[in-house]
Each structure stands twice: as structure tokens, then as C-alpha cells.
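Engineer: The following file, final.cif, comprises mmCIF, C-alpha atoms and all ligand atoms; chains and numbers go by the auth columns:
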```
data_input
loop_
_atom_site.group_PDB
_atom_site.id
_atom_site.type_symbol
_atom_site.label_atom_id
_atom_site.label_comp_id
_atom_site.label_asym_id
_atom_site.label_seq_id
_atom_site.Cartn_x
_atom_site.Cartn_y
_atom_site.Cartn_z
_atom_site.B_iso_or_equiv
_atom_site.auth_seq_id
_atom_site.auth_asym_id
ATOM 1 C CA PHE A 1 0.000 0.000 0.000 0.00 30 A
ATOM 2 C CA LEU A 2 1.701 3.161 -1.284 0.00 31 A
ATOM 3 C CA PRO A 3 5.203 1.849 -0.507 0.00 32 A
ATOM 4 C CA HIS A 4 6.876 4.920 -2.054 0.00 33 A
ATOM 5 C CA LEU A 5 5.382 6.950 0.800 0.00 34 A
ATOM 6 C CA VAL A 6 6.874 4.868 3.594 0.00 35 A
ATOM 7 C CA ALA A 7 10.333 6.265 2.789 0.00 36 A
ATOM 8 C CA SER A 8 9.109 9.800 3.456 0.00 37 A
ATOM 9 C CA LEU A 9 7.451 9.092 6.808 0.00 38 A
ATOM 10 C CA GLU A 10 10.037 11.120 8.766 0.00 39 A
ATOM 11 C CA GLN A 11 9.429 14.364 6.889 0.00 40 A
ATOM 12 C CA VAL A 12 7.103 17.191 7.847 0.00 41 A
ATOM 13 C CA GLN A 13 4.614 17.186 4.983 0.00 42 A
ATOM 14 C CA GLN A 14 1.440 18.923 3.871 0.00 43 A
ATOM 15 C CA THR A 15 -1.591 17.150 2.517 0.00 44 A
ATOM 16 C CA TYR A 16 -4.750 18.435 0.883 0.00 45 A
ATOM 17 C CA ILE A 17 -7.908 16.882 2.302 0.00 46 A
ATOM 18 C CA MET A 18 -11.357 17.687 0.982 0.00 47 A
ATOM 19 C CA VAL A 19 -14.823 16.741 2.148 0.00 48 A
ATOM 20 C CA LYS A 20 -16.567 16.153 -1.175 0.00 49 A
ATOM 21 C CA PRO A 21 -20.113 17.441 -1.891 0.00 50 A
ATOM 22 C CA ASP A 22 -21.754 14.205 -0.667 0.00 51 A
ATOM 23 C CA GLY A 23 -19.947 14.507 2.674 0.00 52 A
ATOM 24 C CA VAL A 24 -21.175 18.099 3.056 0.00 53 A
ATOM 25 C CA GLN A 25 -24.756 17.213 2.019 0.00 54 A
ATOM 26 C CA ARG A 26 -24.806 14.252 4.406 0.00 55 A
ATOM 27 C CA GLY A 27 -23.692 16.350 7.370 0.00 56 A
ATOM 28 C CA LEU A 28 -20.369 14.551 7.782 0.00 57 A
ATOM 29 C CA VAL A 29 -18.092 17.617 7.856 0.00 58 A
ATOM 30 C CA GLY A 30 -17.496 17.644 11.611 0.00 59 A
ATOM 31 C CA GLU A 31 -17.054 13.866 11.767 0.00 60 A
ATOM 32 C CA ILE A 32 -14.440 13.915 9.006 0.00 61 A
ATOM 33 C CA ILE A 33 -12.500 16.909 10.329 0.00 62 A
ATOM 34 C CA SER A 34 -12.423 15.390 13.804 0.00 63 A
ATOM 35 C CA ARG A 35 -10.700 12.217 12.576 0.00 64 A
ATOM 36 C CA PHE A 36 -7.672 14.219 11.435 0.00 65 A
ATOM 37 C CA GLU A 37 -7.833 16.556 14.415 0.00 66 A
ATOM 38 C CA ARG A 38 -7.907 13.697 16.950 0.00 67 A
ATOM 39 C CA LYS A 39 -4.999 11.952 15.243 0.00 68 A
ATOM 40 C CA GLY A 40 -2.832 14.933 16.108 0.00 69 A
ATOM 41 C CA PHE A 41 -2.149 16.616 12.792 0.00 70 A
ATOM 42 C CA LYS A 42 -2.058 20.402 12.487 0.00 71 A
ATOM 43 C CA LEU A 43 -4.783 22.196 10.546 0.00 72 A
ATOM 44 C CA ILE A 44 -3.222 25.016 8.506 0.00 73 A
ATOM 45 C CA GLY A 45 -6.099 25.811 6.114 0.00 74 A
ATOM 46 C CA LEU A 46 -9.895 25.387 6.136 0.00 75 A
ATOM 47 C CA LYS A 47 -12.788 26.730 4.057 0.00 76 A
ATOM 48 C CA LEU A 48 -16.221 25.915 2.616 0.00 77 A
ATOM 49 C CA PHE A 49 -16.015 26.452 -1.125 0.00 78 A
ATOM 50 C CA GLN A 50 -18.043 26.013 -4.314 0.00 79 A
ATOM 51 C CA CYS A 51 -15.484 24.580 -6.717 0.00 80 A
ATOM 52 C CA PRO A 52 -15.477 26.025 -10.257 0.00 81 A
ATOM 53 C CA LYS A 53 -15.262 23.519 -13.124 0.00 82 A
ATOM 54 C CA GLU A 54 -11.796 24.730 -14.205 0.00 83 A
ATOM 55 C CA LEU A 55 -10.352 24.055 -10.758 0.00 84 A
ATOM 56 C CA ALA A 56 -11.896 20.570 -10.592 0.00 85 A
ATOM 57 C CA GLU A 57 -10.364 19.813 -14.006 0.00 86 A
ATOM 58 C CA GLU A 58 -6.935 21.021 -12.918 0.00 87 A
ATOM 59 C CA HIS A 59 -7.129 19.051 -9.662 0.00 88 A
ATOM 60 C CA TYR A 60 -8.043 15.819 -11.468 0.00 89 A
ATOM 61 C CA LYS A 61 -6.024 16.443 -14.668 0.00 90 A
ATOM 62 C CA ASP A 62 -4.191 13.098 -14.364 0.00 91 A
ATOM 63 C CA LEU A 63 -7.551 11.299 -14.660 0.00 92 A
ATOM 64 C CA LYS A 64 -8.694 13.142 -17.790 0.00 93 A
ATOM 65 C CA ALA A 65 -8.582 10.007 -19.983 0.00 94 A
ATOM 66 C CA LYS A 66 -10.629 7.873 -17.558 0.00 95 A
ATOM 67 C CA PRO A 67 -14.208 6.953 -18.471 0.00 96 A
ATOM 68 C CA PHE A 68 -15.492 8.258 -15.129 0.00 97 A
ATOM 69 C CA TYR A 69 -13.800 11.670 -15.514 0.00 98 A
ATOM 70 C CA PRO A 70 -16.846 13.691 -16.738 0.00 99 A
ATOM 71 C CA LYS A 71 -18.999 12.333 -13.912 0.00 100 A
ATOM 72 C CA LEU A 72 -16.182 12.995 -11.436 0.00 101 A
ATOM 73 C CA ILE A 73 -16.043 16.670 -12.468 0.00 102 A
ATOM 74 C CA ASP A 74 -19.862 16.934 -12.194 0.00 103 A
ATOM 75 C CA TYR A 75 -19.710 15.316 -8.738 0.00 104 A
ATOM 76 C CA ILE A 76 -16.982 17.561 -7.345 0.00 105 A
ATOM 77 C CA THR A 77 -18.693 20.731 -8.627 0.00 106 A
ATOM 78 C CA SER A 78 -22.225 19.634 -7.605 0.00 107 A
ATOM 79 C CA GLY A 79 -22.210 21.515 -4.284 0.00 108 A
ATOM 80 C CA PRO A 80 -19.882 23.026 -1.723 0.00 109 A
ATOM 81 C CA VAL A 81 -16.798 21.164 -0.589 0.00 110 A
ATOM 82 C CA VAL A 82 -14.734 21.653 2.569 0.00 111 A
ATOM 83 C CA CYS A 83 -11.093 22.293 1.707 0.00 112 A
ATOM 84 C CA MET A 84 -8.439 21.512 4.283 0.00 113 A
ATOM 85 C CA ALA A 85 -4.670 21.556 4.441 0.00 114 A
ATOM 86 C CA TRP A 86 -3.058 19.495 7.201 0.00 115 A
ATOM 87 C CA GLU A 87 0.590 19.441 8.200 0.00 116 A
ATOM 88 C CA GLY A 88 2.670 16.937 10.126 0.00 117 A
ATOM 89 C CA VAL A 89 5.343 14.278 10.065 0.00 118 A
ATOM 90 C CA GLY A 90 4.256 11.585 7.598 0.00 119 A
ATOM 91 C CA VAL A 91 0.820 13.179 7.191 0.00 120 A
ATOM 92 C CA VAL A 92 0.377 12.162 3.530 0.00 121 A
ATOM 93 C CA LEU A 93 0.439 8.395 4.037 0.00 122 A
ATOM 94 C CA SER A 94 -1.239 8.575 7.424 0.00 123 A
ATOM 95 C CA ALA A 95 -4.149 10.586 6.002 0.00 124 A
ATOM 96 C CA ARG A 96 -4.544 8.068 3.164 0.00 125 A
ATOM 97 C CA LYS A 97 -4.755 5.327 5.783 0.00 126 A
ATOM 98 C CA LEU A 98 -7.364 7.241 7.781 0.00 127 A
ATOM 99 C CA ILE A 99 -9.361 7.746 4.559 0.00 128 A
ATOM 100 C CA GLY A 100 -9.187 4.126 3.341 0.00 129 A
ATOM 101 C CA SER A 101 -9.387 2.542 -0.110 0.00 130 A
ATOM 102 C CA THR A 102 -10.911 4.390 -3.066 0.00 131 A
ATOM 103 C CA ASP A 103 -13.800 1.873 -3.220 0.00 132 A
ATOM 104 C CA PRO A 104 -15.656 2.228 0.097 0.00 133 A
ATOM 105 C CA LEU A 105 -16.768 -1.415 -0.041 0.00 134 A
ATOM 106 C CA GLN A 106 -13.079 -2.428 -0.035 0.00 135 A
ATOM 107 C CA ALA A 107 -12.119 0.126 2.613 0.00 136 A
ATOM 108 C CA GLU A 108 -11.435 -1.259 6.086 0.00 137 A
ATOM 109 C CA PRO A 109 -13.877 -0.557 8.904 0.00 138 A
ATOM 110 C CA GLY A 110 -12.439 2.235 11.018 0.00 139 A
ATOM 111 C CA THR A 111 -11.462 4.267 7.972 0.00 140 A
ATOM 112 C CA ILE A 112 -13.561 7.230 6.835 0.00 141 A
ATOM 113 C CA ARG A 113 -14.682 5.567 3.608 0.00 142 A
ATOM 114 C CA GLY A 114 -15.033 2.184 5.301 0.00 143 A
ATOM 115 C CA ASP A 115 -17.313 3.637 7.964 0.00 144 A
ATOM 116 C CA LEU A 116 -19.230 6.300 6.063 0.00 145 A
ATOM 117 C CA ALA A 117 -19.598 5.420 2.348 0.00 146 A
ATOM 118 C CA VAL A 118 -20.664 2.619 -0.034 0.00 147 A
ATOM 119 C CA GLN A 119 -19.674 3.671 -3.575 0.00 148 A
ATOM 120 C CA THR A 120 -16.506 4.871 -5.342 0.00 149 A
ATOM 121 C CA GLY A 121 -18.456 7.651 -7.064 0.00 150 A
ATOM 122 C CA ARG A 122 -19.618 8.925 -3.641 0.00 151 A
ATOM 123 C CA ASN A 123 -16.609 8.296 -1.424 0.00 152 A
ATOM 124 C CA VAL A 124 -16.996 11.465 0.686 0.00 153 A
ATOM 125 C CA VAL A 125 -13.384 12.584 0.958 0.00 154 A
ATOM 126 C CA HIS A 126 -10.200 13.309 -1.005 0.00 155 A
ATOM 127 C CA GLY A 127 -6.612 13.021 0.183 0.00 156 A
ATOM 128 C CA SER A 128 -3.348 13.743 -1.653 0.00 157 A
ATOM 129 C CA ASP A 129 -1.424 10.634 -2.736 0.00 158 A
ATOM 130 C CA SER A 130 2.186 11.903 -2.458 0.00 159 A
ATOM 131 C CA PRO A 131 4.130 14.673 -0.695 0.00 160 A
ATOM 132 C CA GLU A 132 4.560 16.386 -4.083 0.00 161 A
ATOM 133 C CA ASN A 133 0.823 16.325 -4.733 0.00 162 A
ATOM 134 C CA GLY A 134 0.199 17.435 -1.150 0.00 163 A
ATOM 135 C CA LYS A 135 2.122 20.630 -1.899 0.00 164 A
ATOM 136 C CA ARG A 136 0.674 21.009 -5.395 0.00 165 A
ATOM 137 C CA GLU A 137 -2.930 20.570 -4.304 0.00 166 A
ATOM 138 C CA THR A 138 -2.580 22.776 -1.208 0.00 167 A
ATOM 139 C CA ALA A 139 -1.228 25.573 -3.438 0.00 168 A
ATOM 140 C CA LEU A 140 -3.978 24.932 -5.993 0.00 169 A
ATOM 141 C CA TRP A 141 -6.899 25.185 -3.558 0.00 170 A
ATOM 142 C CA PHE A 142 -5.586 27.833 -1.136 0.00 171 A
ATOM 143 C CA LYS A 143 -4.240 31.318 -1.695 0.00 172 A
ATOM 144 C CA GLU A 144 -1.145 32.158 0.327 0.00 173 A
ATOM 145 C CA GLY A 145 -2.978 34.370 2.848 0.00 174 A
ATOM 146 C CA GLU A 146 -5.472 31.586 3.565 0.00 175 A
ATOM 147 C CA LEU A 147 -2.918 29.314 5.236 0.00 176 A
ATOM 148 C CA CYS A 148 -1.886 29.773 8.883 0.00 177 A
ATOM 149 C CA GLN A 149 1.396 28.776 10.417 0.00 178 A
ATOM 150 C CA TRP A 150 0.918 28.341 14.155 0.00 179 A
ATOM 151 C CA THR A 151 2.048 26.201 17.066 0.00 180 A
ATOM 152 C CA PRO A 152 -0.739 24.147 18.662 0.00 181 A
ATOM 153 C CA ALA A 153 -0.699 24.172 22.472 0.00 182 A
ATOM 154 C CA GLN A 154 -0.725 20.376 22.416 0.00 183 A
ATOM 155 C CA ALA A 155 2.486 20.106 20.351 0.00 184 A
ATOM 156 C CA PRO A 156 4.759 18.955 23.236 0.00 185 A
ATOM 157 C CA TRP A 157 2.113 16.350 24.185 0.00 186 A
ATOM 158 C CA LEU A 158 2.180 14.819 20.711 0.00 187 A
ATOM 159 C CA GLN A 159 5.908 14.632 20.080 0.00 188 A
ATOM 160 C CA GLU A 160 8.696 14.287 22.622 0.00 189 A
HETATM 161 N N1 LIG B . -13.450 7.550 -9.152 0.00 1 B
HETATM 162 C C1 LIG B . -14.625 7.062 -9.708 0.00 1 B
HETATM 163 N N2 LIG B . -14.610 5.835 -10.330 0.00 1 B
HETATM 164 C C2 LIG B . -13.486 5.075 -10.391 0.00 1 B
HETATM 165 C C3 LIG B . -12.302 5.560 -9.823 0.00 1 B
HETATM 166 C C4 LIG B . -12.310 6.810 -9.210 0.00 1 B
HETATM 167 O O1 LIG B . -15.653 7.727 -9.667 0.00 1 B
HETATM 168 O O2 LIG B . -13.537 3.957 -10.943 0.00 1 B
HETATM 169 C C5 LIG B . -13.459 8.866 -8.486 0.00 1 B
HETATM 170 C C6 LIG B . -13.538 8.746 -6.968 0.00 1 B
HETATM 171 O O3 LIG B . -14.309 9.850 -6.480 0.00 1 B
HETATM 172 C C7 LIG B . -12.085 8.882 -6.565 0.00 1 B
HETATM 173 C C8 LIG B . -11.606 9.930 -7.570 0.00 1 B
HETATM 174 O O4 LIG B . -12.265 9.565 -8.775 0.00 1 B
HETATM 175 O O5 LIG B . -11.952 9.287 -5.212 0.00 1 B
HETATM 176 C C9 LIG B . -10.120 9.976 -7.800 0.00 1 B
HETATM 177 O O6 LIG B . -9.649 8.695 -8.128 0.00 1 B
HETATM 178 P P1 LIG B . -8.317 8.116 -7.493 0.00 1 B
HETATM 179 O O7 LIG B . -7.984 6.856 -8.204 0.00 1 B
HETATM 180 O O8 LIG B . -7.277 9.191 -7.446 0.00 1 B
HETATM 181 O O9 LIG B . -8.792 7.717 -6.005 0.00 1 B
HETATM 182 P P2 LIG B . -8.466 8.373 -4.585 0.00 1 B
HETATM 183 O O10 LIG B . -7.062 8.923 -4.649 0.00 1 B
HETATM 184 O O11 LIG B . -9.502 9.447 -4.342 0.00 1 B
HETATM 185 O O12 LIG B . -8.601 7.247 -3.603 0.00 1 B
HETATM 186 MG MG MG B . -6.160 10.181 -6.035 0.00 2 B
#
```
Before anything else, please render the file you have as C-alpha cells.
Ligand code: UDP
Ligand code: MG
Structural biologist:
Amino acid sequence: FLPHLVASLEQVQQTYIMVKPDGVQRGLVGEIISRFERKGFKLIGLKLFQCPKELAEEHYKDLKAKPFYPKLIDYITSGPVVCMAWEGVGVVLSARKLIGSTDPLQAEPGTIRGDLAVQTGRNVVHGSDSPENGKRETALWFKEGELCQWTPAQAPWLQE
């Protein structure tokens, strides 16, 4: 499972996490945010946002040739999303593990998709798949002034 990410587990990374329109419509925003918050990662960006088509296309440009691409763009632009950037050591792989497999029926119980979704086309949440994409997607969805660098009070209780 994403072995290329294991090598980068020691680095401080950023990842782009998004509650997709189905997660917002189903009232799962707080539940999803709290999973990352409780884990101990640092929230550095957060907003509710109606995604324009051009941005959805740029975000998913690697999937342009896939048969599901047009429906994916319709899905992501079908209502507001919650955009988040999270920072921490090894956050990219860890967030993917918290999210679970792309197909919610294959996702393990205990993961967000495993607990809260049933279909790939409605899998409630996005997470970056590499440190490079974590940076790229964070920069794509957030303007510079929208990100906060801060030190959580709990920092010394999370890492010795
Ligand atoms: N997707 C879909 N049908 C598929 C594969 C993917 O509708 O057969 C959608 C789904 O919403 C998925 C997104 O496209 O989350 C991006 O696909 P990717 O393979 O990058 O999965 P992810 O990284 O989100 O797990
Ligand atoms: Mg992906």
C-alpha cells in the first residue's frame, strides 16, 4: 500500500484533504474533520467552497482520460466542498490510511470511507497521494494568505 510513501514518513509534509459534496450534504463535515484533528495533525487551512469547473479539471487532470472523468467533475462541482490543508510528520500516508481505499466497499472498517460510504463515485473525501501532490494541491486550492502557520498548544504532548 503506497510503498513509495513509507520512505518519506520522517518528513514534515502537507496534505490536501477535501470533504466532497456528498460529505457536506450528508452532514459529515465535523465527523471527518475530527478524525484528522484527533490523530494529532495540524490544521493550517480550512474553508467551505463552491469549486469552479476549471479548478476541478486542474485538480483531477491526471484522470482526464478515464471513463469516469466527466462524472467525477460533475460530482466535485455539484455543491460546496470543505477544503483543508493538514501538516505533520508523515501526514500524507497517514491521512490516506485514515481515509481508506478508493472503493468504500473495499475500505477497512475504522477508515472514513469504510465507515461512512458505499460507492466509489460517492466516497466522501479526497486526500493527496504523495508529498509532491500534497504541496501542489494545497497551493492549488488555497491562496497564500489563507494558510496559517501556528504552534498548537498540544504540540509537546504529541511529540517528545
Ligand atoms: N473515481 C470514480 N470511479 C473510479 C475511480 C475513481 O468515480 O472507478 C473517483 C472517486 O471519487 C475517486 C476519484 O475519482 O476518489 C479519484 O480517483 P483516485 O484513483 O485518485 O482515487 P483516490 O485517490 O480518491 O482514492
Ligand atoms: Mg487520487
Engineer: Step by step, measure atom-to-atom distances between ligand MG 2 (chain B) and each residue using only C-alpha atoms and all ligand atoms, keep those at most 12 Å, then write them as JSON, numbers by chain.
Structural biologist: {"A": [31, 44, 45, 46, 47, 88, 89, 90, 91, 92, 101, 121, 125, 128, 129, 130, 131, 132, 149, 152, 154, 155, 156, 157, 158, 159, 162, 163, 166]}
Engineer: Since we have the selection now, will you write its residues out, keeping C-alpha atoms, as a PDB file, in the coordinates of the input?
Structural biologist:
```pdb
ATOM      1  CA  LEU A  31       1.701   3.161  -1.284  1.00  0.00           C
ATOM      2  CA  THR A  44      -1.591  17.150   2.517  1.00  0.00           C
ATOM      3  CA  TYR A  45      -4.750  18.435   0.883  1.00  0.00           C
ATOM      4  CA  ILE A  46      -7.908  16.882   2.302  1.00  0.00           C
ATOM      5  CA  MET A  47     -11.357  17.687   0.982  1.00  0.00           C
ATOM      6  CA  HIS A  88      -7.129  19.051  -9.662  1.00  0.00           C
ATOM      7  CA  TYR A  89      -8.043  15.819 -11.468  1.00  0.00           C
ATOM      8  CA  LYS A  90      -6.024  16.443 -14.668  1.00  0.00           C
ATOM      9  CA  ASP A  91      -4.191  13.098 -14.364  1.00  0.00           C
ATOM     10  CA  LEU A  92      -7.551  11.299 -14.660  1.00  0.00           C
ATOM     11  CA  LEU A 101     -16.182  12.995 -11.436  1.00  0.00           C
ATOM     12  CA  VAL A 121       0.377  12.162   3.530  1.00  0.00           C
ATOM     13  CA  ARG A 125      -4.544   8.068   3.164  1.00  0.00           C
ATOM     14  CA  ILE A 128      -9.361   7.746   4.559  1.00  0.00           C
ATOM     15  CA  GLY A 129      -9.187   4.126   3.341  1.00  0.00           C
ATOM     16  CA  SER A 130      -9.387   2.542  -0.110  1.00  0.00           C
ATOM     17  CA  THR A 131     -10.911   4.390  -3.066  1.00  0.00           C
ATOM     18  CA  ASP A 132     -13.800   1.873  -3.220  1.00  0.00           C
ATOM     19  CA  THR A 149     -16.506   4.871  -5.342  1.00  0.00           C
ATOM     20  CA  ASN A 152     -16.609   8.296  -1.424  1.00  0.00           C
ATOM     21  CA  VAL A 154     -13.384  12.584   0.958  1.00  0.00           C
ATOM     22  CA  HIS A 155     -10.200  13.309  -1.005  1.00  0.00           C
ATOM     23  CA  GLY A 156      -6.612  13.021   0.183  1.00  0.00           C
ATOM     24  CA  SER A 157      -3.348  13.743  -1.653  1.00  0.00           C
ATOM     25  CA  ASP A 158      -1.424  10.634  -2.736  1.00  0.00           C
ATOM     26  CA  SER A 159       2.186  11.903  -2.458  1.00  0.00           C
ATOM     27  CA  ASN A 162       0.823  16.325  -4.733  1.00  0.00           C
ATOM     28  CA  GLY A 163       0.199  17.435  -1.150  1.00  0.00           C
ATOM     29  CA  GLU A 166      -2.930  20.570  -4.304  1.00  0.00           C
TER      30      GLU A 166
END
```
Engineer: Where does the PyMOL selection byres (((chain A and resi 77-85) around 9) and not hetatm) land in this file, that is, which residues does it pick, as a list in words?
Structural biologist: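 For this structure, the PyMOL selection byres (((chain A and resi 77-85) around 9) and not hetatm) resolves to Leu75, Lys76, Glu86, Glu87, His88, Tyr89, Lys90, Leu101, Ile102, Asp103, Ile105, Thr106, Ser107, Gly108, Pro109, Val110, Val111, Cys112, Leu169 and Trp170 of chain A.
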Engineer: Of the residues A:Ala114, A:Ala182, A:Leu72, A:Ala124, which is the one nearest to ligand LIG 1 (chain B), using all atoms listed in the file?
Structural biologist: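 Of A:Ala114, A:Ala182, A:Leu72, A:Ala124, the one nearest ligand LIG 1 (chain B) is A:Ala124, counting all atoms listed in the file.
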Engineer: What is the atom C6 of ligand LIG 1 (chain B) to atom CA of Phe97 of chain A distance in Å?
Structural biologist: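 That distance, rounded to one decimal, is 8.4 Å.
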Engineer: From the options A:Met113, A:Val120, A:Ile73, A:Val147, which residue's atoms come nearest to Trp179 of chain A, counting all atoms listed in the file?
Structural biologist: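 Among the listed residues, A:Ile73 lies closest to Trp179 of chain A.
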Engineer: How far is it from atom CA of Gln42 of chain A to atom CA of Phe65 of chain A, in Å with one decimal?
Structural biologist: 14.2 Å
Engineer: Just to confirm, what's the straight-line distance from atom CA of Val48 of chain A to atom CA of Val153 of chain A in Å (one decimal)?
Structural biologist: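 Between atom CA of Val48 of chain A and atom CA of Val153 of chain A the gap is 5.9 Å.
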Engineer: Measuring between all atoms listed in the file, which one of A:Arg67, A:Arg151, A:Arg55, A:Lys93 shows the shortest distance to ligand LIG 1 (chain B)?
Structural biologist: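 Result for the nearest residue to ligand LIG 1 (chain B): A:Arg151.
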Engineer: Between A:Leu127, A:Glu116, A:Arg64, A:Glu173, which residue has the minimum interatomic distance to ligand LIG 1 (chain B), considering only C-alpha atoms and all ligand atoms?
Structural biologist: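 Looking only at the distances to ligand LIG 1 (chain B), the closest residue turns out to be A:Leu127.
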